[in-house]
file query-v9.pdb (PDB, C-alpha atoms (C1' of nucleotides))
ATOM      1  CA  MET A   1     -10.065  26.308  -3.854
ATOM      2  CA  SER A   2     -11.886  29.135  -5.488
ATOM      3  CA  LYS A   3     -14.315  31.450  -3.811
ATOM      4  CA  PRO A   4     -17.377  31.805  -5.992
ATOM      5  CA  SER A   5     -19.425  33.455  -3.255
ATOM      6  CA  ALA A   6     -19.607  30.319  -1.199
ATOM      7  CA  THR A   7     -23.192  29.639  -0.302
ATOM      8  CA  ALA A   8     -22.616  28.235   3.143
ATOM      9  CA  ASP A   9     -25.812  26.228   3.198
ATOM     10  CA  LEU A  10     -24.292  22.821   2.771
ATOM     11  CA  LEU A  11     -26.338  19.809   3.647
ATOM     12  CA  PRO A  12     -23.979  16.934   2.911
ATOM     13  CA  PRO A  13     -25.922  14.039   4.389
ATOM     14  CA  ALA A  14     -29.404  12.922   3.433
ATOM     15  CA  THR A  15     -29.542  14.885   0.236
ATOM     16  CA  GLN A  16     -33.039  14.160  -0.843
ATOM     17  CA  THR A  17     -33.230  16.910  -3.414
ATOM     18  CA  PRO A  18     -34.318  15.788  -6.897
ATOM     19  CA  CYS A  19     -31.693  18.132  -8.210
ATOM     20  CA  CYS A  20     -30.070  16.066 -10.915
ATOM     21  CA  PRO A  21     -31.317  15.449 -14.412
ATOM     22  CA  PRO A  22     -28.724  13.782 -16.652
ATOM     23  CA  MET A  23     -25.854  16.119 -17.383
ATOM     24  CA  ALA A  24     -26.178  15.203 -21.044
ATOM     25  CA  ALA A  25     -29.681  16.635 -21.044
ATOM     26  CA  GLN A  26     -29.152  19.804 -19.071
ATOM     27  CA  ARG A  27     -26.273  21.839 -17.765
ATOM     28  CA  VAL A  28     -25.404  21.274 -14.118
ATOM     29  CA  GLU A  29     -25.833  24.414 -12.090
ATOM     30  CA  PRO A  30     -22.967  25.720  -9.961
ATOM     31  CA  ALA A  31     -24.732  24.969  -6.678
ATOM     32  CA  THR A  32     -25.409  21.403  -7.771
ATOM     33  CA  ALA A  33     -21.823  20.979  -8.874
ATOM     34  CA  LEU A  34     -20.598  22.194  -5.507
ATOM     35  CA  GLN A  35     -22.864  19.690  -3.837
ATOM     36  CA  LEU A  36     -22.090  16.617  -5.917
ATOM     37  CA  ALA A  37     -18.445  17.093  -6.829
ATOM     38  CA  PRO A  38     -17.260  15.945  -3.378
ATOM     39  CA  ALA A  39     -19.109  12.669  -3.889
ATOM     40  CA  PHE A  40     -17.312  12.074  -7.173
ATOM     41  CA  LYS A  41     -14.052  13.043  -5.534
ATOM     42  CA  ALA A  42     -14.686  10.541  -2.783
ATOM     43  CA  LEU A  43     -15.001   7.827  -5.411
ATOM     44  CA  GLY A  44     -11.897   9.070  -7.189
ATOM     45  CA  ASP A  45      -9.483   6.874  -5.277
ATOM     46  CA  PRO A  46      -8.965   3.191  -6.109
ATOM     47  CA  VAL A  47      -9.046   2.124  -2.482
ATOM     48  CA  ARG A  48     -12.217   4.069  -1.745
ATOM     49  CA  LEU A  49     -13.857   2.805  -4.926
ATOM     50  CA  GLN A  50     -13.211  -0.769  -3.847
ATOM     51  CA  LEU A  51     -14.326   0.009  -0.315
ATOM     52  CA  MET A  52     -17.538   1.519  -1.627
ATOM     53  CA  SER A  53     -18.210  -1.492  -3.815
ATOM     54  CA  MET A  54     -17.521  -3.926  -0.994
ATOM     55  CA  ILE A  55     -19.957  -2.047   1.217
ATOM     56  CA  ALA A  56     -22.611  -1.649  -1.470
ATOM     57  CA  SER A  57     -22.439  -5.294  -2.479
ATOM     58  CA  ALA A  58     -22.239  -6.694   1.028
ATOM     59  CA  PRO A  59     -24.764  -9.430   1.746
ATOM     60  CA  GLY A  60     -27.260  -8.135   4.274
ATOM     61  CA  GLY A  61     -26.467  -4.579   3.282
ATOM     62  CA  GLU A  62     -23.674  -4.117   5.798
ATOM     63  CA  ILE A  63     -20.114  -5.184   6.364
ATOM     64  CA  CYS A  64     -17.670  -5.022   9.236
ATOM     65  CA  VAL A  65     -14.492  -2.964   9.034
ATOM     66  CA  CYS A  66     -12.648  -6.089  10.097
ATOM     67  CA  ASP A  67     -13.783  -7.664   6.829
ATOM     68  CA  LEU A  68     -12.683  -4.665   4.787
ATOM     69  CA  THR A  69      -9.197  -4.039   6.111
ATOM     70  CA  PRO A  70      -7.548  -7.357   5.209
ATOM     71  CA  SER A  71      -8.391  -6.845   1.535
ATOM     72  CA  PHE A  72      -5.931  -3.991   1.145
ATOM     73  CA  GLU A  73      -2.228  -3.438   1.502
ATOM     74  CA  VAL A  74      -2.532  -0.120   3.258
ATOM     75  CA  SER A  75      -2.602   0.264   7.015
ATOM     76  CA  GLY A  76      -5.719   0.171   9.132
ATOM     77  CA  SER A  77      -5.574   3.860   9.901
ATOM     78  CA  THR A  78      -5.535   4.618   6.194
ATOM     79  CA  ILE A  79      -8.640   2.466   5.676
ATOM     80  CA  SER A  80     -10.300   4.291   8.534
ATOM     81  CA  HIS A  81      -9.403   7.611   6.990
ATOM     82  CA  HIS A  82     -10.853   6.541   3.624
ATOM     83  CA  LEU A  83     -14.018   5.343   5.308
ATOM     84  CA  LYS A  84     -14.362   8.712   6.975
ATOM     85  CA  THR A  85     -14.035  10.352   3.588
ATOM     86  CA  LEU A  86     -16.863   8.199   2.230
ATOM     87  CA  ARG A  87     -18.882   8.996   5.342
ATOM     88  CA  ASP A  88     -18.341  12.740   5.002
ATOM     89  CA  ALA A  89     -19.362  12.513   1.364
ATOM     90  CA  GLY A  90     -22.675  10.987   2.403
ATOM     91  CA  LEU A  91     -22.057   7.758   0.536
ATOM     92  CA  VAL A  92     -21.966   5.388   3.511
ATOM     93  CA  ASP A  93     -23.177   5.219   7.069
ATOM     94  CA  ALA A  94     -21.465   3.670  10.062
ATOM     95  CA  GLU A  95     -22.866   1.983  13.130
ATOM     96  CA  ARG A  96     -21.049   0.526  16.103
ATOM     97  CA  ARG A  97     -22.307  -2.772  17.470
ATOM     98  CA  ALA A  98     -20.368  -4.435  20.241
ATOM     99  CA  SER A  99     -16.683  -4.165  19.429
ATOM    100  CA  TRP A 100     -17.136  -3.910  15.694
ATOM    101  CA  VAL A 101     -18.187  -1.118  13.365
ATOM    102  CA  TYR A 102     -20.469  -1.905  10.459
ATOM    103  CA  TYR A 103     -20.777   0.170   7.317
ATOM    104  CA  ARG A 104     -23.737   0.317   4.996
ATOM    105  CA  ALA A 105     -24.323   2.132   1.716
ATOM    106  CA  ARG A 106     -26.571   5.155   1.338
ATOM    107  CA  PRO A 107     -28.164   4.551  -2.058
ATOM    108  CA  GLY A 108     -29.704   8.010  -2.330
ATOM    109  CA  LEU A 109     -26.620   9.967  -3.294
ATOM    110  CA  MET A 110     -25.267   7.178  -5.455
ATOM    111  CA  ARG A 111     -28.500   7.138  -7.410
ATOM    112  CA  GLN A 112     -28.175  10.872  -7.972
ATOM    113  CA  LEU A 113     -24.697  10.398  -9.362
ATOM    114  CA  ALA A 114     -25.865   7.564 -11.575
ATOM    115  CA  THR A 115     -28.745   9.649 -12.924
ATOM    116  CA  LEU A 116     -26.387  12.515 -13.583
ATOM    117  CA  LEU A 117     -24.128  10.272 -15.666
ATOM    118  CA  THR A 118     -26.921   8.525 -17.484
ATOM    119  CA  PRO A 119     -27.224   9.451 -21.160
ATOM    120  CA  SER A 120     -30.610  11.023 -21.863
ATOM    121  CA  GLY A 121     -33.233   8.404 -22.528
ATOM    122  CA  ASP A 122     -30.779   5.557 -22.119
ATOM    123  CA  ASP A 123     -31.724   2.425 -20.271
ATOM    124  CA  LEU A 124     -28.894   1.209 -18.140
ATOM    125  CA  THR A 125     -30.734  -1.886 -17.043
ATOM    126  CA  SER A 126     -30.598  -3.359 -20.521
ATOM    127  CA  ASN A 127     -27.512  -5.335 -19.704
TER     128      ASN A 127
ATOM    129  CA  MET B 128       9.195  19.102 -26.413
ATOM    130  CA  SER B 129       6.964  20.906 -28.820
ATOM    131  CA  LYS B 130       4.650  18.184 -29.929
ATOM    132  CA  PRO B 131       1.249  19.839 -29.941
ATOM    133  CA  SER B 132      -0.851  16.920 -31.046
ATOM    134  CA  ALA B 133      -4.013  18.304 -29.524
ATOM    135  CA  THR B 134      -5.755  15.000 -30.074
ATOM    136  CA  ALA B 135      -4.138  13.314 -27.146
ATOM    137  CA  ASP B 136      -3.777   9.662 -28.031
ATOM    138  CA  LEU B 137      -3.284   8.219 -24.619
ATOM    139  CA  LEU B 138      -3.788   4.553 -24.043
ATOM    140  CA  PRO B 139      -7.433   3.583 -24.246
ATOM    141  CA  PRO B 140      -8.915   3.536 -20.746
ATOM    142  CA  ALA B 141     -11.143   0.549 -21.261
ATOM    143  CA  THR B 142     -13.683   2.229 -23.451
ATOM    144  CA  GLN B 143     -15.031  -1.053 -24.676
ATOM    145  CA  THR B 144     -14.366  -3.524 -21.912
ATOM    146  CA  PRO B 145     -17.547  -4.870 -20.324
ATOM    147  CA  CYS B 146     -15.773  -4.599 -17.036
ATOM    148  CA  CYS B 147     -18.372  -2.890 -14.915
ATOM    149  CA  PRO B 148     -21.422  -4.483 -13.419
ATOM    150  CA  PRO B 149     -23.099  -2.333 -10.776
ATOM    151  CA  MET B 150     -20.933  -2.048  -7.690
ATOM    152  CA  ALA B 151     -23.990  -2.863  -5.607
ATOM    153  CA  ALA B 152     -24.185  -6.236  -7.318
ATOM    154  CA  GLN B 153     -20.560  -7.266  -7.336
ATOM    155  CA  ARG B 154     -17.333  -6.110  -5.796
ATOM    156  CA  VAL B 155     -15.132  -3.974  -8.032
ATOM    157  CA  GLU B 156     -11.798  -5.633  -8.691
ATOM    158  CA  PRO B 157      -8.577  -3.777  -7.973
ATOM    159  CA  ALA B 158      -7.644  -3.479 -11.638
ATOM    160  CA  THR B 159     -11.042  -2.038 -12.481
ATOM    161  CA  ALA B 160     -10.811   0.398  -9.612
ATOM    162  CA  LEU B 161      -7.417   1.562 -10.811
ATOM    163  CA  GLN B 162      -8.894   2.093 -14.229
ATOM    164  CA  LEU B 163     -12.068   3.939 -13.313
ATOM    165  CA  ALA B 164     -11.053   5.907 -10.224
ATOM    166  CA  PRO B 165      -9.281   8.569 -12.321
ATOM    167  CA  ALA B 166     -12.520   9.212 -14.193
ATOM    168  CA  PHE B 167     -14.381   9.792 -10.932
ATOM    169  CA  LYS B 168     -11.562  11.983  -9.736
ATOM    170  CA  ALA B 169     -11.794  14.023 -12.906
ATOM    171  CA  LEU B 170     -15.463  14.677 -12.125
ATOM    172  CA  GLY B 171     -14.629  15.452  -8.503
ATOM    173  CA  ASP B 172     -14.143  19.157  -9.047
ATOM    174  CA  PRO B 173     -17.044  21.614  -9.307
ATOM    175  CA  VAL B 174     -15.547  23.426 -12.270
ATOM    176  CA  ARG B 175     -14.838  20.215 -14.156
ATOM    177  CA  LEU B 176     -18.282  18.846 -13.358
ATOM    178  CA  GLN B 177     -19.875  21.923 -14.858
ATOM    179  CA  LEU B 178     -17.510  21.828 -17.814
ATOM    180  CA  MET B 179     -18.399  18.190 -18.408
ATOM    181  CA  SER B 180     -22.104  18.929 -18.265
ATOM    182  CA  MET B 181     -21.811  21.899 -20.598
ATOM    183  CA  ILE B 182     -19.936  19.736 -23.096
ATOM    184  CA  ALA B 183     -22.267  16.763 -22.739
ATOM    185  CA  SER B 184     -25.388  18.873 -23.074
ATOM    186  CA  ALA B 185     -24.110  21.072 -25.864
ATOM    187  CA  PRO B 186     -26.452  21.322 -28.839
ATOM    188  CA  GLY B 187     -24.841  19.629 -31.800
ATOM    189  CA  GLY B 188     -22.697  17.544 -29.468
ATOM    190  CA  GLU B 189     -19.844  20.012 -29.338
ATOM    191  CA  ILE B 190     -18.973  23.349 -27.826
ATOM    192  CA  CYS B 191     -16.216  25.887 -28.270
ATOM    193  CA  VAL B 192     -13.796  26.697 -25.472
ATOM    194  CA  CYS B 193     -14.661  30.331 -26.041
ATOM    195  CA  ASP B 194     -18.211  29.492 -24.952
ATOM    196  CA  LEU B 195     -17.012  27.630 -21.870
ATOM    197  CA  THR B 196     -14.522  30.077 -20.408
ATOM    198  CA  PRO B 197     -16.846  33.061 -19.785
ATOM    199  CA  SER B 198     -19.079  30.924 -17.554
ATOM    200  CA  PHE B 199     -16.476  30.684 -14.813
ATOM    201  CA  GLU B 200     -14.579  32.996 -12.554
ATOM    202  CA  VAL B 201     -11.266  31.244 -12.966
ATOM    203  CA  SER B 202      -8.708  32.196 -15.563
ATOM    204  CA  GLY B 203      -8.547  30.793 -19.059
ATOM    205  CA  SER B 204      -5.420  28.820 -18.338
ATOM    206  CA  THR B 205      -7.157  27.115 -15.456
ATOM    207  CA  ILE B 206     -10.083  26.170 -17.691
ATOM    208  CA  SER B 207      -7.622  24.791 -20.212
ATOM    209  CA  HIS B 208      -5.932  22.774 -17.493
ATOM    210  CA  HIS B 209      -9.265  21.334 -16.345
ATOM    211  CA  LEU B 210     -10.167  20.458 -19.915
ATOM    212  CA  LYS B 211      -6.872  18.630 -20.233
ATOM    213  CA  THR B 212      -7.736  16.678 -17.095
ATOM    214  CA  LEU B 213     -11.066  15.655 -18.600
ATOM    215  CA  ARG B 214      -9.262  14.764 -21.834
ATOM    216  CA  ASP B 215      -6.676  12.643 -20.045
ATOM    217  CA  ALA B 216      -9.461  10.882 -18.178
ATOM    218  CA  GLY B 217     -11.025   9.875 -21.491
ATOM    219  CA  LEU B 218     -14.238  11.777 -20.834
ATOM    220  CA  VAL B 219     -14.004  14.327 -23.624
ATOM    221  CA  ASP B 220     -12.327  14.787 -26.972
ATOM    222  CA  ALA B 221     -10.958  17.962 -28.514
ATOM    223  CA  GLU B 222     -10.734  19.097 -32.107
ATOM    224  CA  ARG B 223      -9.204  22.271 -33.478
ATOM    225  CA  ARG B 224     -11.057  24.046 -36.277
ATOM    226  CA  ALA B 225      -9.763  27.365 -37.488
ATOM    227  CA  SER B 226      -8.817  29.455 -34.468
ATOM    228  CA  TRP B 227     -11.180  27.694 -32.122
ATOM    229  CA  VAL B 228     -11.085  24.395 -30.276
ATOM    230  CA  TYR B 229     -14.239  22.357 -29.914
ATOM    231  CA  TYR B 230     -14.857  19.765 -27.231
ATOM    232  CA  ARG B 231     -17.247  16.858 -27.380
ATOM    233  CA  ALA B 232     -18.207  14.196 -24.871
ATOM    234  CA  ARG B 233     -17.135  10.567 -25.068
ATOM    235  CA  PRO B 234     -20.200   8.720 -23.791
ATOM    236  CA  GLY B 235     -18.496   5.347 -23.445
ATOM    237  CA  LEU B 236     -16.665   5.921 -20.196
ATOM    238  CA  MET B 237     -19.499   7.947 -18.709
ATOM    239  CA  ARG B 238     -21.863   5.068 -19.363
ATOM    240  CA  GLN B 239     -19.495   2.714 -17.565
ATOM    241  CA  LEU B 240     -19.473   4.984 -14.538
ATOM    242  CA  ALA B 241     -23.268   5.268 -14.619
ATOM    243  CA  THR B 242     -23.637   1.494 -14.784
ATOM    244  CA  LEU B 243     -21.228   1.099 -11.905
ATOM    245  CA  LEU B 244     -23.312   3.418  -9.745
ATOM    246  CA  THR B 245     -26.664   1.998 -10.754
ATOM    247  CA  PRO B 246     -28.387   0.012  -8.013
ATOM    248  CA  SER B 247     -28.940  -3.574  -9.089
ATOM    249  CA  GLY B 248     -32.186  -3.926 -10.993
ATOM    250  CA  ASP B 249     -33.067  -0.296 -10.606
ATOM    251  CA  ASP B 250     -34.557   1.724 -13.419
ATOM    252  CA  LEU B 251     -32.975   5.129 -13.646
ATOM    253  CA  THR B 252     -35.210   6.258 -16.467
ATOM    254  CA  SER B 253     -38.237   6.271 -14.214
ATOM    255  CA  ASN B 254     -37.434   9.712 -12.992
TER     256      ASN B 254
ATOM    257  C1'  DA C 255       5.438  39.225 -43.342
ATOM    258  C1'  DC C 256       3.582  40.943 -39.436
ATOM    259  C1'  DG C 257       0.698  41.276 -35.748
ATOM    260  C1'  DC C 258      -3.629  39.821 -33.335
ATOM    261  C1'  DG C 259      -6.722  36.951 -30.596
ATOM    262  C1'  DG C 260      -7.752  32.334 -28.992
ATOM    263  C1'  DA C 261      -5.926  28.293 -26.594
ATOM    264  C1'  DT C 262      -2.351  25.595 -24.513
ATOM    265  C1'  DT C 263       1.797  25.103 -21.886
ATOM    266  C1'  DC C 264       5.336  26.515 -18.360
ATOM    267  C1'  DG C 265       6.953  27.853 -13.790
ATOM    268  C1'  DA C 266       5.694  28.962  -9.275
ATOM    269  C1'  DT C 267       2.892  28.868  -5.082
ATOM    270  C1'  DG C 268      -0.204  27.598  -1.550
ATOM    271  C1'  DC C 269      -3.487  24.213  -0.149
ATOM    272  C1'  DA C 270      -5.357  19.531  -0.171
ATOM    273  C1'  DT C 271      -4.634  14.608   0.013
ATOM    274  C1'  DG C 272      -2.738   9.849   0.899
ATOM    275  C1'  DT C 273      -0.084   7.467   3.972
ATOM    276  C1'  DC C 274       1.961   5.793   8.168
ATOM    277  C1'  DA C 275       3.240   5.433  13.195
ATOM    278  C1'  DA C 276       1.709   6.306  17.614
ATOM    279  C1'  DG C 277      -1.715   7.454  20.874
ATOM    280  C1'  DC C 278      -6.516   7.294  22.254
ATOM    281  C1'  DT C 279     -11.510   5.576  22.909
ATOM    282  C1'  DC C 280     -14.919   2.329  23.450
ATOM    283  C1'  DG C 281     -16.810  -2.348  24.663
ATOM    284  C1'  DA C 282     -15.947  -6.919  26.123
ATOM    285  C1'  DC C 283     -14.243 -10.235  29.215
ATOM    286  C1'  DG C 284     -11.844 -11.968  32.863
TER     287       DG C 284
ATOM    288  C1'  DC D 285     -10.866  -2.983  38.160
ATOM    289  C1'  DG D 286      -7.482  -4.210  34.615
ATOM    290  C1'  DT D 287      -6.329  -5.550  30.291
ATOM    291  C1'  DC D 288      -7.033  -6.610  25.554
ATOM    292  C1'  DG D 289      -8.621  -5.999  20.802
ATOM    293  C1'  DA D 290     -10.910  -3.323  17.199
ATOM    294  C1'  DG D 291     -11.252   1.351  15.146
ATOM    295  C1'  DC D 292     -10.728   6.058  15.226
ATOM    296  C1'  DT D 293      -7.950  10.277  15.783
ATOM    297  C1'  DT D 294      -3.748  12.968  15.808
ATOM    298  C1'  DG D 295       0.724  14.517  14.168
ATOM    299  C1'  DA D 296       3.884  14.462  10.601
ATOM    300  C1'  DC D 297       5.596  14.054   6.001
ATOM    301  C1'  DA D 298       5.686  13.678   0.974
ATOM    302  C1'  DT D 299       3.136  14.070  -2.951
ATOM    303  C1'  DG D 300      -0.480  15.911  -5.755
ATOM    304  C1'  DC D 301      -3.594  19.484  -7.276
ATOM    305  C1'  DA D 302      -5.939  23.992  -8.306
ATOM    306  C1'  DT D 303      -4.727  28.316  -9.525
ATOM    307  C1'  DC D 304      -2.446  32.194 -11.560
ATOM    308  C1'  DG D 305       0.629  35.104 -14.680
ATOM    309  C1'  DA D 306       3.707  34.897 -18.339
ATOM    310  C1'  DA D 307       5.430  32.727 -22.275
ATOM    311  C1'  DT D 308       4.436  30.045 -26.298
ATOM    312  C1'  DC D 309       1.940  28.123 -30.085
ATOM    313  C1'  DC D 310      -1.498  28.240 -33.697
ATOM    314  C1'  DG D 311      -4.480  30.129 -37.485
ATOM    315  C1'  DC D 312      -6.276  34.077 -39.503
ATOM    316  C1'  DG D 313      -6.541  38.945 -41.385
ATOM    317  C1'  DT D 314      -4.740  42.991 -42.937
TER     318       DT D 314
END
call {"tool": "encode", "arguments": {"input": "query-v9.pdb", "output": "structure tokens"}}
result
Amino acid sequence: MSKPSATADLLPPATQTPCCPPMAAQRVEPATALQLAPAFKALGDPVRLQLMSMIASAPGGEICVCDLTPSFEVSGSTISHHLKTLRDAGLVDAERRASWVYYRARPGLMRQLATLLTPSGDDLTSN
Amino acid sequence: MSKPSATADLLPPATQTPCCPPMAAQRVEPATALQLAPAFKALGDPVRLQLMSMIASAPGGEICVCDLTPSFEVSGSTISHHLKTLRDAGLVDAERRASWVYYRARPGLMRQLATLLTPSGDDLTSN
DNA sequence: ACGCGGATTCGATGCATGTCAAGCTCGACG
DNA sequence: CGTCGAGCTTGACATGCATCGAATCCGCGT
């Protein structure tokens, strides 16, 4: 990657900063881009996108890995690796209960991404 | 292969399909994931994210490459390569006028991504 | 016609990523 | 204890990607 004077003050998880007006309304600053690009990258794989949607749309807000893995052709270790990527991006959270691991979505970052992509003054809920 | 049709006419990446309810409301199907993941991946680079925002927020709806390049540390060829990535993803469109090339945003796909990320029943405009 | 400056493309290189097989860790249950 | 199953981690490999310099293409002036 490049080296634009890396500000090593990353705070990947729990990004509560109201840092993101729609990109159509205002230019995204370099620091914001560095912070949010990994989240987009994490969603930039078909398997991870489906994983994220299965987690986000899970009834009860959480879903077991054992319910995720059979939906894909790839191996279990690959699913685990993708889940770690989503975890590192701050998009999901994992919790172990008994022998199973449950994943749940972190809506905060996803809402930031959605706001960033929203056209200025557009109402997405009018669907 | 010298076919410099700058207006890349790749196959339409679902710019009109109502394929995307919020992923928090319904699981994304494999075909949809295959279609939209490249768009997320295209936004998954800090430089491209800034480029996209500069294009989307440009006054008049378009911006010259000569106004984009000086904002980054990377070389001009790298900027051009990133712009091609955004073009191939269906996020921007390019037009040559005189010696300069102008880029403009294609809001259709971006709106699909925003809808996909929107929490069910949430109002993004209340920010 | 010629050269000039802007933008894309080409070829090369080093790093990141997706994937799998195998090994390991953590609870549960005999 | 000992073993078993569910997930995670590690090592390894092939592919992809970001980046650069150089070459090429494209209009425009002189």
call {"tool": "resolve_selection", "arguments": {"input": "query-v9.pdb", "expression": "the PyMOL selection byres ((chain A) within 6 of (chain B))", "output": "JSON, numbers by chain"}}
result
{"A": [23, 24, 25, 26, 27, 28, 33, 34, 37, 38, 40, 41, 43, 44, 45, 46, 50, 53, 54, 56, 57, 114, 117, 118]}
call {"tool": "interface_residues", "arguments": {"input": "query-v9.pdb", "of": "chain C", "to": "chain A", "cutoff": "12 Å", "atoms": "all atoms listed in the file", "output": "JSON, numbers by chain"}}
result
{"C": [268, 269, 270, 271, 272, 273, 274, 275, 276, 279, 280, 281, 282, 283]}
call {"tool": "atom_distance", "arguments": {"input": "query-v9.pdb", "atom1": "CA of Thr196 (chain B)", "atom2": "C1' of DG313 (chain D)"}}
result
24.1 Å
call {"tool": "atom_distance", "arguments": {"input": "query-v9.pdb", "atom1": "CA of Thr85 (chain A)", "atom2": "C1' of DT293 (chain D)"}}
result
13.6 Å
call {"tool": "interface_residues", "arguments": {"input": "query-v9.pdb", "of": "chain D", "to": "chain A", "cutoff": "8 Å", "atoms": "only C-alpha atoms (C1' of nucleotides)", "output": "PyMOL selection string"}}
result
chain D and resi 290-292+302
call {"tool": "axis_aligned_box", "arguments": {"input": "query-v9.pdb", "around": "region 288-295 of chain D", "padding_each_side": "5 Å", "output": "lines of an AutoDock Vina configuration file"}}
result
center_x = -5.3
center_y = 4.0
center_z = 19.9
size_x = 22.0
size_y = 31.1
size_z = 21.4
call {"tool": "atom_distance", "arguments": {"input": "query-v9.pdb", "atom1": "CA of Cys64 (chain A)", "atom2": "CA of Tyr103 (chain A)"}}
result
6.3 Å
call {"tool": "closest_residue", "arguments": {"input": "query-v9.pdb", "among": "D:DA296, D:DC304, D:DC285, D:DC310", "to": "DT267 (chain C)", "atoms": "all atoms listed in the file"}}
result
D:DC304
call {"tool": "residues_near_point", "arguments": {"input": "query-v9.pdb", "point": "(4.7, 30.8, -25.6)", "cutoff": "10 Å", "atoms": "all atoms listed in the file", "output": "ChimeraX atom specification"}}
result
/C:262-264 /D:306-309
